[in-house]
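S.K.: Pasting coords-v5.cif below, which is mmCIF, C-alpha atoms.
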```cif
data_model
loop_
_atom_site.group_PDB
_atom_site.id
_atom_site.type_symbol
_atom_site.label_atom_id
_atom_site.label_comp_id
_atom_site.auth_asym_id
_atom_site.auth_seq_id
_atom_site.Cartn_x
_atom_site.Cartn_y
_atom_site.Cartn_z
ATOM 1 C CA MET A 1 -106.403 -3.167 6.547
ATOM 2 C CA LEU A 2 -108.261 -2.652 9.812
ATOM 3 C CA GLY A 3 -108.143 0.246 12.251
ATOM 4 C CA ALA A 4 -108.414 0.136 16.035
ATOM 5 C CA VAL A 5 -108.368 2.663 18.863
ATOM 6 C CA GLU A 6 -108.163 2.045 22.604
ATOM 7 C CA LEU A 7 -109.407 4.957 24.693
ATOM 8 C CA VAL A 8 -108.719 4.875 28.444
ATOM 9 C CA PRO A 9 -108.482 7.682 31.008
ATOM 10 C CA GLY A 10 -105.238 9.491 30.235
ATOM 11 C CA ARG A 11 -104.226 7.600 27.081
ATOM 12 C CA ILE A 12 -105.309 6.961 23.488
ATOM 13 C CA SER A 13 -103.695 4.158 21.470
ATOM 14 C CA ALA A 14 -104.318 3.605 17.765
ATOM 15 C CA ALA A 15 -103.163 0.876 15.418
ATOM 16 C CA VAL A 16 -103.355 -0.350 11.844
ATOM 17 C CA LEU A 17 -103.819 -4.126 11.653
ATOM 18 C CA SER A 18 -103.929 -6.764 8.954
ATOM 19 C CA ARG A 19 -106.960 -9.031 8.588
ATOM 20 C CA SER A 20 -105.013 -11.730 10.433
ATOM 21 C CA GLY A 21 -104.608 -9.471 13.491
ATOM 22 C CA GLU A 22 -100.981 -8.452 12.938
ATOM 23 C CA ILE A 23 -100.307 -4.913 14.170
ATOM 24 C CA LEU A 24 -98.580 -3.108 11.306
ATOM 25 C CA ALA A 25 -98.241 0.337 12.881
ATOM 26 C CA ARG A 26 -99.250 1.999 16.129
ATOM 27 C CA ALA A 27 -99.271 5.394 17.812
ATOM 28 C CA GLU A 28 -100.111 6.721 21.258
ATOM 29 C CA ALA A 29 -101.059 10.059 22.803
ATOM 30 C CA THR A 30 -101.661 11.031 26.425
ATOM 31 C CA PHE A 31 -103.830 13.575 28.221
ATOM 32 C CA ASP A 32 -104.557 14.535 31.825
ATOM 33 C CA ALA A 33 -107.493 12.297 32.765
ATOM 34 C CA ALA A 34 -108.679 14.464 35.643
ATOM 35 C CA ALA A 35 -108.181 17.931 34.156
ATOM 36 C CA ALA A 36 -108.202 17.633 30.346
ATOM 37 C CA THR A 37 -110.629 19.762 28.377
ATOM 38 C CA ARG A 38 -112.660 18.466 25.447
ATOM 39 C CA GLY A 39 -110.284 20.311 23.111
ATOM 40 C CA GLU A 40 -107.263 18.583 24.641
ATOM 41 C CA ILE A 41 -108.875 15.190 24.120
ATOM 42 C CA ASP A 42 -109.610 16.141 20.502
ATOM 43 C CA ALA A 43 -105.929 17.020 20.064
ATOM 44 C CA ALA A 44 -104.758 13.746 21.624
ATOM 45 C CA LEU A 45 -107.121 11.774 19.386
ATOM 46 C CA ALA A 46 -105.792 13.603 16.327
ATOM 47 C CA ARG A 47 -102.191 12.785 17.282
ATOM 48 C CA ALA A 48 -102.944 9.094 17.758
ATOM 49 C CA ALA A 49 -105.077 8.926 14.599
ATOM 50 C CA GLY A 50 -102.084 10.114 12.582
ATOM 51 C CA VAL A 51 -101.134 6.432 12.326
ATOM 52 C CA PHE A 52 -103.988 5.987 9.813
ATOM 53 C CA ALA A 53 -102.566 8.501 7.346
ATOM 54 C CA GLY A 54 -102.300 6.698 4.012
ATOM 55 C CA ALA A 55 -103.565 3.407 5.443
ATOM 56 C CA ARG A 56 -107.215 3.666 4.282
ATOM 57 C CA PRO A 57 -108.616 1.048 6.724
ATOM 58 C CA LEU A 58 -111.959 -0.650 6.110
ATOM 59 C CA GLY A 59 -113.119 0.817 9.401
ATOM 60 C CA VAL A 60 -111.987 1.754 12.894
ATOM 61 C CA GLY A 61 -113.217 -0.019 16.018
ATOM 62 C CA VAL A 62 -112.950 1.928 19.272
ATOM 63 C CA ALA A 63 -112.602 0.317 22.705
ATOM 64 C CA ALA A 64 -113.863 2.826 25.288
ATOM 65 C CA PRO A 65 -114.308 2.829 29.085
ATOM 66 C CA GLY A 66 -117.315 3.600 31.231
ATOM 67 C CA LEU A 67 -120.805 3.687 29.778
ATOM 68 C CA VAL A 68 -121.037 3.880 25.981
ATOM 69 C CA ASP A 69 -123.773 4.261 23.375
ATOM 70 C CA PRO A 70 -122.688 2.227 20.319
ATOM 71 C CA GLU A 71 -125.624 3.408 18.208
ATOM 72 C CA ALA A 72 -124.834 7.090 18.771
ATOM 73 C CA GLY A 73 -121.048 6.553 18.774
ATOM 74 C CA LEU A 74 -120.740 8.214 22.182
ATOM 75 C CA VAL A 75 -118.782 7.689 25.357
ATOM 76 C CA VAL A 76 -121.655 8.476 27.726
ATOM 77 C CA GLU A 77 -119.950 8.560 31.124
ATOM 78 C CA VAL A 78 -116.468 7.959 32.546
ATOM 79 C CA ASN A 79 -116.025 8.608 36.268
ATOM 80 C CA ASP A 80 -112.224 8.870 36.075
ATOM 81 C CA ALA A 81 -112.109 11.261 33.097
ATOM 82 C CA PRO A 82 -114.932 13.857 33.249
ATOM 83 C CA ALA A 83 -114.200 15.388 29.834
ATOM 84 C CA LEU A 84 -114.855 12.004 28.163
ATOM 85 C CA SER A 85 -118.481 12.010 29.341
ATOM 86 C CA GLY A 86 -120.630 12.643 26.279
ATOM 87 C CA TYR A 87 -117.600 12.530 23.977
ATOM 88 C CA PRO A 88 -118.614 11.793 20.318
ATOM 89 C CA VAL A 89 -115.606 9.622 19.562
ATOM 90 C CA ALA A 90 -117.034 7.941 16.449
ATOM 91 C CA ARG A 91 -117.861 11.291 14.827
ATOM 92 C CA ARG A 92 -114.476 12.781 15.759
ATOM 93 C CA LEU A 93 -112.655 9.798 14.244
ATOM 94 C CA GLY A 94 -114.824 9.977 11.137
ATOM 95 C CA GLU A 95 -113.621 13.546 10.670
ATOM 96 C CA LEU A 96 -109.990 12.437 11.022
ATOM 97 C CA VAL A 97 -110.016 9.160 9.097
ATOM 98 C CA ASP A 98 -111.661 8.337 5.796
ATOM 99 C CA ALA A 99 -113.409 5.257 7.213
ATOM 100 C CA PRO A 100 -116.461 4.437 9.337
ATOM 101 C CA ALA A 101 -115.820 4.321 13.102
ATOM 102 C CA ARG A 102 -117.714 2.266 15.667
ATOM 103 C CA VAL A 103 -117.423 2.305 19.460
ATOM 104 C CA GLU A 104 -118.104 -0.343 22.105
ATOM 105 C CA HIS A 105 -117.259 -0.817 25.777
ATOM 106 C CA ARG A 106 -113.696 -2.040 26.184
ATOM 107 C CA ALA A 107 -114.530 -5.242 28.067
ATOM 108 C CA ARG A 108 -117.317 -6.197 25.671
ATOM 109 C CA LEU A 109 -115.154 -5.350 22.680
ATOM 110 C CA GLN A 110 -112.151 -7.407 23.744
ATOM 111 C CA VAL A 111 -114.208 -10.588 23.479
ATOM 112 C CA LEU A 112 -114.157 -9.983 19.718
ATOM 113 C CA GLY A 113 -110.355 -9.818 19.853
ATOM 114 C CA ASP A 114 -110.300 -13.240 21.477
ATOM 115 C CA ARG A 115 -112.963 -14.529 19.106
ATOM 116 C CA TRP A 116 -111.154 -13.584 15.901
ATOM 117 C CA PHE A 117 -107.509 -13.760 16.950
ATOM 118 C CA GLY A 118 -107.167 -15.491 20.346
ATOM 119 C CA PRO A 119 -108.212 -18.391 22.602
ATOM 120 C CA GLY A 120 -111.898 -17.969 21.707
ATOM 121 C CA ARG A 121 -111.474 -18.920 18.045
ATOM 122 C CA GLY A 122 -113.955 -21.610 17.098
ATOM 123 C CA ARG A 123 -116.180 -21.099 20.151
ATOM 124 C CA ARG A 124 -119.787 -19.873 20.123
ATOM 125 C CA THR A 125 -119.831 -18.926 23.815
ATOM 126 C CA PHE A 126 -117.063 -17.724 26.152
ATOM 127 C CA ALA A 127 -116.070 -14.756 28.346
ATOM 128 C CA SER A 128 -113.143 -12.346 28.096
ATOM 129 C CA VAL A 129 -112.093 -10.641 31.332
ATOM 130 C CA SER A 130 -110.259 -7.345 31.917
ATOM 131 C CA THR A 131 -108.230 -7.220 35.145
ATOM 132 C CA GLY A 132 -106.017 -4.628 36.796
ATOM 133 C CA GLU A 133 -106.907 -0.942 37.021
ATOM 134 C CA VAL A 134 -109.922 -1.703 34.798
ATOM 135 C CA LEU A 135 -112.264 -4.604 35.559
ATOM 136 C CA GLY A 136 -114.976 -6.055 33.375
ATOM 137 C CA VAL A 137 -116.317 -9.018 31.429
ATOM 138 C CA GLY A 138 -117.114 -9.267 27.745
ATOM 139 C CA LEU A 139 -119.382 -12.155 26.794
ATOM 140 C CA LEU A 140 -119.903 -13.939 23.504
ATOM 141 C CA TYR A 141 -123.120 -15.971 23.783
ATOM 142 C CA ASP A 142 -124.198 -18.260 20.938
ATOM 143 C CA GLY A 143 -122.062 -16.271 18.526
ATOM 144 C CA GLU A 144 -123.274 -12.797 19.550
ATOM 145 C CA VAL A 145 -121.702 -10.231 21.877
ATOM 146 C CA VAL A 146 -123.999 -9.591 24.838
ATOM 147 C CA ALA A 147 -124.255 -5.798 24.793
ATOM 148 C CA PRO A 148 -127.662 -4.485 25.913
ATOM 149 C CA PRO A 149 -128.340 -0.730 25.600
ATOM 150 C CA GLY A 150 -127.054 0.963 28.740
ATOM 151 C CA GLY A 151 -125.417 -2.247 29.905
ATOM 152 C CA ARG A 152 -122.096 -2.186 31.671
ATOM 153 C CA SER A 153 -119.426 -4.838 31.997
ATOM 154 C CA GLY A 154 -119.938 -6.231 35.488
ATOM 155 C CA ALA A 155 -117.477 -4.143 37.505
ATOM 156 C CA HIS A 156 -120.364 -2.735 39.549
ATOM 157 C CA MET A 157 -122.182 -6.003 40.248
ATOM 158 C CA THR A 158 -122.708 -6.321 44.018
ATOM 159 C CA VAL A 159 -120.581 -9.015 45.654
ATOM 160 C CA SER A 160 -120.959 -7.805 49.269
ATOM 161 C CA ALA A 161 -124.060 -6.173 50.714
ATOM 162 C CA HIS A 162 -122.023 -4.300 53.345
ATOM 163 C CA GLY A 163 -118.793 -3.794 51.447
ATOM 164 C CA GLU A 164 -116.711 -0.722 50.735
ATOM 165 C CA ARG A 165 -118.320 2.318 49.141
ATOM 166 C CA CYS A 166 -117.554 2.405 45.407
ATOM 167 C CA GLY A 167 -116.902 5.475 43.278
ATOM 168 C CA CYS A 168 -120.329 4.937 41.713
ATOM 169 C CA GLY A 169 -121.954 5.512 45.111
ATOM 170 C CA ALA A 170 -123.043 1.917 45.773
ATOM 171 C CA ARG A 171 -121.556 -0.471 48.308
ATOM 172 C CA GLY A 172 -119.844 -3.791 47.705
ATOM 173 C CA CYS A 173 -119.211 -3.503 43.965
ATOM 174 C CA TRP A 174 -116.963 -6.188 42.480
ATOM 175 C CA LYS A 175 -114.627 -3.358 41.475
ATOM 176 C CA THR A 176 -113.890 -2.523 45.116
ATOM 177 C CA VAL A 177 -112.275 -5.917 45.830
ATOM 178 C CA ALA A 178 -110.880 -7.141 42.507
ATOM 179 C CA THR A 179 -108.751 -4.354 41.015
ATOM 180 C CA THR A 180 -105.146 -3.190 41.378
ATOM 181 C CA ARG A 181 -106.276 -0.574 43.898
ATOM 182 C CA TRP A 182 -107.534 -3.285 46.263
ATOM 183 C CA LEU A 183 -104.409 -5.414 45.718
ATOM 184 C CA ARG A 184 -102.023 -2.579 46.598
ATOM 185 C CA GLY A 185 -104.065 -1.631 49.646
ATOM 186 C CA ALA A 186 -104.194 -5.231 50.885
ATOM 187 C CA ALA A 187 -100.453 -5.650 50.389
ATOM 188 C CA GLU A 188 -99.719 -2.456 52.293
ATOM 189 C CA ARG A 189 -102.024 -3.454 55.162
ATOM 190 C CA ALA A 190 -100.215 -6.809 55.311
ATOM 191 C CA GLY A 191 -96.879 -5.031 55.750
ATOM 192 C CA LEU A 192 -95.643 -5.878 52.252
ATOM 193 C CA GLY A 193 -94.991 -2.270 51.243
ATOM 194 C CA ALA A 194 -96.751 0.207 48.994
ATOM 195 C CA GLY A 195 -96.973 -0.291 45.257
ATOM 196 C CA ALA A 196 -96.699 -4.082 45.316
ATOM 197 C CA THR A 197 -97.395 -5.831 42.007
ATOM 198 C CA LEU A 198 -99.184 -9.124 41.477
ATOM 199 C CA ALA A 199 -96.067 -10.623 39.865
ATOM 200 C CA ALA A 200 -93.931 -9.703 42.884
ATOM 201 C CA LEU A 201 -96.500 -11.032 45.353
ATOM 202 C CA VAL A 202 -96.842 -14.346 43.499
ATOM 203 C CA ALA A 203 -93.043 -14.696 43.426
ATOM 204 C CA ALA A 204 -92.828 -14.014 47.188
ATOM 205 C CA ALA A 205 -95.792 -16.232 48.128
ATOM 206 C CA PRO A 206 -93.930 -19.569 48.542
ATOM 207 C CA ALA A 207 -91.715 -18.092 51.285
ATOM 208 C CA GLU A 208 -93.899 -15.265 52.613
ATOM 209 C CA GLU A 209 -97.194 -16.207 54.288
ATOM 210 C CA ALA A 210 -98.608 -12.665 54.091
ATOM 211 C CA ALA A 211 -97.973 -12.504 50.347
ATOM 212 C CA ARG A 212 -99.614 -15.892 49.848
ATOM 213 C CA ARG A 213 -102.749 -14.780 51.714
ATOM 214 C CA VAL A 214 -103.055 -11.570 49.682
ATOM 215 C CA VAL A 215 -102.657 -13.415 46.368
ATOM 216 C CA GLU A 216 -105.195 -16.070 47.340
ATOM 217 C CA GLU A 217 -107.728 -13.468 48.504
ATOM 218 C CA TYR A 218 -107.269 -11.436 45.325
ATOM 219 C CA ALA A 219 -107.851 -14.536 43.177
ATOM 220 C CA GLY A 220 -110.924 -15.390 45.236
ATOM 221 C CA ASN A 221 -112.295 -11.857 44.850
ATOM 222 C CA LEU A 222 -111.854 -12.037 41.095
ATOM 223 C CA ALA A 223 -113.592 -15.419 41.029
ATOM 224 C CA LEU A 224 -116.586 -13.934 42.929
ATOM 225 C CA GLY A 225 -117.720 -12.000 39.879
ATOM 226 C CA LEU A 226 -116.905 -14.785 37.454
ATOM 227 C CA VAL A 227 -119.085 -17.227 39.408
ATOM 228 C CA ASN A 228 -122.056 -14.904 38.847
ATOM 229 C CA VAL A 229 -121.343 -14.806 35.115
ATOM 230 C CA GLN A 230 -121.042 -18.600 34.987
ATOM 231 C CA HIS A 231 -124.342 -19.042 36.825
ATOM 232 C CA LEU A 232 -126.139 -16.710 34.416
ATOM 233 C CA PHE A 233 -124.599 -17.620 31.054
ATOM 234 C CA ALA A 234 -122.372 -20.713 31.525
ATOM 235 C CA PRO A 235 -119.653 -19.483 29.137
ATOM 236 C CA GLY A 236 -117.355 -22.329 30.194
ATOM 237 C CA LEU A 237 -114.161 -20.564 29.096
ATOM 238 C CA PHE A 238 -112.901 -17.379 30.791
ATOM 239 C CA VAL A 239 -109.920 -15.660 29.121
ATOM 240 C CA LEU A 240 -108.016 -13.365 31.507
ATOM 241 C CA HIS A 241 -106.286 -10.216 30.311
ATOM 242 C CA GLY A 242 -104.391 -7.401 31.979
ATOM 243 C CA GLU A 243 -102.878 -7.756 35.429
ATOM 244 C CA ALA A 244 -103.922 -11.388 35.902
ATOM 245 C CA ARG A 245 -101.430 -12.383 33.209
ATOM 246 C CA GLU A 246 -98.600 -11.219 35.497
ATOM 247 C CA GLY A 247 -99.535 -13.883 38.036
ATOM 248 C CA GLY A 248 -98.705 -16.667 35.603
ATOM 249 C CA GLY A 249 -99.965 -20.207 35.952
ATOM 250 C CA THR A 250 -100.142 -20.031 39.738
ATOM 251 C CA PHE A 251 -102.654 -17.177 39.745
ATOM 252 C CA ARG A 252 -104.630 -18.646 36.852
ATOM 253 C CA GLU A 253 -105.055 -21.904 38.783
ATOM 254 C CA LEU A 254 -106.191 -20.044 41.920
ATOM 255 C CA VAL A 255 -108.851 -18.160 39.963
ATOM 256 C CA GLU A 256 -110.021 -21.377 38.308
ATOM 257 C CA GLN A 257 -110.225 -23.147 41.668
ATOM 258 C CA GLY A 258 -112.253 -20.276 43.124
ATOM 259 C CA LEU A 259 -114.567 -20.279 40.131
ATOM 260 C CA ARG A 260 -115.239 -24.013 40.301
ATOM 261 C CA ALA A 261 -115.647 -24.000 44.094
ATOM 262 C CA GLY A 262 -118.319 -21.308 43.842
ATOM 263 C CA LEU A 263 -120.655 -23.344 41.661
ATOM 264 C CA ALA A 264 -123.574 -24.970 43.453
ATOM 265 C CA ALA A 265 -124.552 -27.425 40.710
ATOM 266 C CA PRO A 266 -122.787 -29.454 37.991
ATOM 267 C CA GLN A 267 -122.427 -27.606 34.713
ATOM 268 C CA ALA A 268 -122.726 -28.808 31.142
ATOM 269 C CA GLU A 269 -119.148 -27.655 30.662
ATOM 270 C CA GLN A 270 -116.743 -27.468 33.588
ATOM 271 C CA PRO A 271 -115.533 -23.853 33.625
ATOM 272 C CA ARG A 272 -111.872 -23.271 32.937
ATOM 273 C CA VAL A 273 -109.635 -20.227 32.970
ATOM 274 C CA SER A 274 -107.120 -19.294 30.292
ATOM 275 C CA VAL A 275 -104.886 -16.261 29.807
ATOM 276 C CA GLY A 276 -104.620 -14.064 26.739
ATOM 277 C CA SER A 277 -102.049 -15.083 24.156
ATOM 278 C CA GLY A 278 -99.101 -13.017 22.933
ATOM 279 C CA ALA A 279 -96.165 -11.322 24.636
ATOM 280 C CA VAL A 280 -98.044 -7.988 24.704
ATOM 281 C CA ASP A 281 -101.689 -7.776 25.746
ATOM 282 C CA ASP A 282 -103.175 -5.911 22.782
ATOM 283 C CA VAL A 283 -106.621 -7.460 23.153
ATOM 284 C CA ALA A 284 -108.439 -4.100 23.112
ATOM 285 C CA LEU A 285 -106.847 -3.165 19.789
ATOM 286 C CA LEU A 286 -107.504 -6.661 18.448
ATOM 287 C CA GLY A 287 -111.081 -6.234 19.617
ATOM 288 C CA GLY A 288 -111.359 -3.003 17.657
ATOM 289 C CA ALA A 289 -110.198 -4.845 14.559
ATOM 290 C CA GLY A 290 -112.638 -7.651 15.390
ATOM 291 C CA LEU A 291 -115.483 -5.127 15.560
ATOM 292 C CA VAL A 292 -114.667 -4.004 12.030
ATOM 293 C CA LEU A 293 -114.551 -7.617 10.805
ATOM 294 C CA SER A 294 -117.855 -8.398 12.528
ATOM 295 C CA ALA A 295 -119.488 -5.369 10.910
ATOM 296 C CA GLN A 296 -118.145 -6.456 7.509
#
```
Show me this structure written as structure tokens.
M.R.:
Amino acid sequence: MLGAVELVPGRISAAVLSRSGEILARAEATFDAAAATRGEIDAALARAAGVFAGARPLGVGVAAPGLVDPEAGLVVEVNDAPALSGYPVARRLGELVDAPARVEHRARLQVLGDRWFGPGRGRRTFASVSTGEVLGVGLLYDGEVVAPPGGRSGAHMTVSAHGERCGCGARGCWKTVATTRWLRGAAERAGLGAGATLAALVAAAPAEEAARRVVEEYAGNLALGLVNVQHLFAPGLFVLHGEAREGGGTFRELVEQGLRAGLAAPQAEQPRVSVGSGAVDDVALLGGAGLVLSAQ
């Protein structure tokens, strides 16, 4: 059996999986992202890791946010959860579970979930994209995950020289225009109410001009970052996860159109956009299992 943990600000999910990617058991624990102490995160990790009792997995792969150090097994920095900065998650899990633990950035890790268990099976090069509250790209290039030391996942690539100030301090980061926060703000400014979801906006778009404009701009903003990835690495296939799945085929087509329109030269493979498979988007947990398989 394989073990996987997804660590995000405020929540820890853990699962036991078969070698075919079937989730056999899962557990979840929460903590206060803004105010939790290191001890409270330890306690939440212990509660979630209880799912491994008696399972004896080959290993545990951890999908973590922010900046990570896979060699040291550390979460180096997470802006939205201060107590996670410097957190030795691999060592803590090793103390809780009788199995080796490895950590990687969530977006980079999920590409392994798609490689072993999803739309990326059989491909040597493709990209896996996180959307929603968390934004990022994981890239498999010629069979290897692109994960340079200190590298991030693209959320802070600059897409506008004079754009909004990001939480990282820079201006015009991709994150400022292509996350749920931007979508809700745009919908509210358009008079569509607070807390609008992508699914609701897509459903309203055929009859509501304001909703259509917000959805199209959101898809275009998401495509901005993907165009840069295509120019640099030409992955050809982009698998969308998270919020983008809620937009269905309509949103997928808009992102694909924006991606293709942003390319200045013909490509060896015309880029296309797919969405993650399965009723529930467990790609981060599948990626954790994929990390264990890759290490084996």
S.K.: Interatomic distance between CA of Ala48 in chain A and CA of Gly113 in chain A?
M.R.: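 So the answer is 20.4 Å.
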S.K.: When you count all atoms listed in the file, which of these residues is closest to Leu58 in chain A: A:Gly122, A:Pro100, A:Gly94, A:Gly86?
M.R.: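 Counting all atoms listed in the file, the residue closest to Leu58 in chain A is A:Pro100.
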S.K.: Mind giving me the straight-line distance from CA of Glu22 in chain A to CA of Val62 in chain A in Å, one decimal?
M.R.: 17.1 Å
S.K.: Within 7 Å of Ala27 in chain A, counting all atoms listed in the file, which residues qualify if same-chain residues fewer than 5 places away don't, as a PyMOL selection string?
M.R.: chain A and resi 13-15+48+51
S.K.: Where does the PyMOL selection byres ((chain A and resi 109) around 7) land in this file, that is, which residues does it pick, as a ChimeraX atom specification?
M.R.: /A:63,104-108,110-112,138,284,287-288
S.K.: CA of Arg47 in chain A to CA of Leu84 in chain A: how many Å, to one decimal?
M.R.: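 Distance between the two atoms: 16.7 Å.
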S.K.: To verify the selection step, state as an MDAnalysis selection string which residues the PyMOL selection byres ((chain A and resi 30) around 8) yields on this input.
M.R.: chainID A and resid 10:12 28:29 31:32 44
S.K.: Please write the residues picked by the PyMOL selection byres ((chain A and resi 225-237) around 8) on this file as a list in words.
M.R.: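 After applying the PyMOL selection byres ((chain A and resi 225-237) around 8), what remains is Thr125, Phe126, Ala127, Leu139, Leu140, Tyr141, Gly154, Met157, Val159, Trp174, Asn221, Leu222, Ala223, Leu224, Phe238, Val239, Leu259, Arg260, Gly262, Leu263, Gln267, Glu269, Gln270, Pro271, Arg272, Val273 and Ser274 of chain A.
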S.K.: Could you check the closest approach to Gly242 in chain A for each of A:Ala36, A:Met1, A:Ala289, A:Ala199 and tell me which residue wins, using only C-alpha atoms?
M.R.: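 Ranked by minimum distance to Gly242 in chain A, first place goes to A:Ala199.
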S.K.: Skipping near chain neighbours, those fewer than 2 positions away, what residues fall within 10 Å of Gly290 in chain A using all atoms listed in the file, listed as a ChimeraX atom specification?
M.R.: /A:2-4,19-21,60-61,109-117,283-288,292-296
S.K.: I'd like to know which of A:Arg102, A:Arg38, A:Arg212, A:Arg56 is closest to Ser85 in chain A, using only C-alpha atoms.
M.R.: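 Of the candidates, the smallest distance to Ser85 in chain A is held by A:Arg38.
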S.K.: Could you tell me which of A:Val134, A:Val214, A:Ala55, A:Val103 comes closest to Pro9 in chain A if we count all atoms listed in the file?
M.R.: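 With all atoms listed in the file as the atom set, the closest residue is A:Val134.
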S.K.: Let me make sure I understand: among A:Ile41, A:Val16, A:Leu291, A:Ala178, which one has the smallest atom-to-atom distance to Ala244 in chain A if we use all atoms listed in the file?
M.R.: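 Smallest separation from Ala244 in chain A among the options: A:Ala178.
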S.K.: Skip Ala90 in chain A itself and residues of its chain fewer than 3 positions away, then list as a list in words all residues within 6 Å of it, counting all atoms listed in the file.
M.R.: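 After dropping sequence-adjacent residues, the list is Gly73, Leu93, Ala101 and Arg102 of chain A.
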S.K.: From the list A:Arg171, A:Leu67, A:Val137, A:Tyr218, which residue is nearest Gly185 in chain A when using all atoms listed in the file?
M.R.: A:Tyr218
S.K.: Draw an axis-aligned box tight on the listed atoms of range 84-102 of chain A, then pad every side by 6 Å and write out centre and edge lengths in Å to one decimal as JSON.
M.R.:
```
{"center_x": -115.3, "center_y": 7.9, "center_z": 17.6, "size_x": 22.6, "size_y": 23.3, "size_z": 35.5}
```
S.K.: Tell me which protein, DNA and RNA residues are within 6 Å of Leu240 in chain A, counting all atoms listed in the file, leaving out same-chain ones fewer than 5 positions away, and put them as a count of residues only.
M.R.: 3
S.K.: Within 12 Å of (-121.0, -1.0, 39.7) (coordinates as in the file), grab all the protein and nucleic acid residues, counting all atoms listed in the file, and write them out as number ranges by chain.
M.R.: A: 66-67, 79, 135-136, 151-160, 164-177, 225
S.K.: Provide range 13-18 of chain A rebuilt to all heavy atoms, formatted as a tab-separated table (two decimals), in the coordinates of the input.
M.R.:
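File produced: result.tsv:
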```tsv
chain	number	residue	atom	x	y	z
A	13	SER	N	-104.56	4.96	22.33
A	13	SER	CA	-103.70	4.16	21.47
A	13	SER	C	-104.44	3.88	20.17
A	13	SER	O	-105.64	3.64	20.18
A	13	SER	CB	-103.32	2.84	22.15
A	13	SER	OG	-102.67	3.06	23.38
A	14	ALA	N	-103.72	3.89	19.07
A	14	ALA	CA	-104.32	3.60	17.76
A	14	ALA	C	-103.39	2.68	17.00
A	14	ALA	O	-102.16	2.73	17.16
A	14	ALA	CB	-104.54	4.90	16.98
A	15	ALA	N	-103.98	1.83	16.16
A	15	ALA	CA	-103.16	0.88	15.42
A	15	ALA	C	-103.81	0.53	14.09
A	15	ALA	O	-105.03	0.54	13.95
A	15	ALA	CB	-102.95	-0.40	16.23
A	16	VAL	N	-102.95	0.22	13.13
A	16	VAL	CA	-103.36	-0.35	11.84
A	16	VAL	C	-103.02	-1.83	11.89
A	16	VAL	O	-101.90	-2.21	12.25
A	16	VAL	CB	-102.61	0.32	10.67
A	16	VAL	CG1	-103.01	-0.32	9.35
A	16	VAL	CG2	-102.88	1.81	10.65
A	17	LEU	N	-104.01	-2.68	11.58
A	17	LEU	CA	-103.82	-4.13	11.65
A	17	LEU	C	-104.17	-4.78	10.33
A	17	LEU	O	-104.97	-4.27	9.55
A	17	LEU	CB	-104.70	-4.74	12.74
A	17	LEU	CG	-104.51	-4.24	14.17
A	17	LEU	CD1	-105.45	-3.09	14.47
A	17	LEU	CD2	-104.73	-5.37	15.17
A	18	SER	N	-103.56	-5.94	10.10
A	18	SER	CA	-103.93	-6.76	8.95
A	18	SER	C	-105.18	-7.55	9.31
A	18	SER	O	-105.61	-7.61	10.47
A	18	SER	CB	-102.80	-7.73	8.61
A	18	SER	OG	-102.68	-8.73	9.63
```
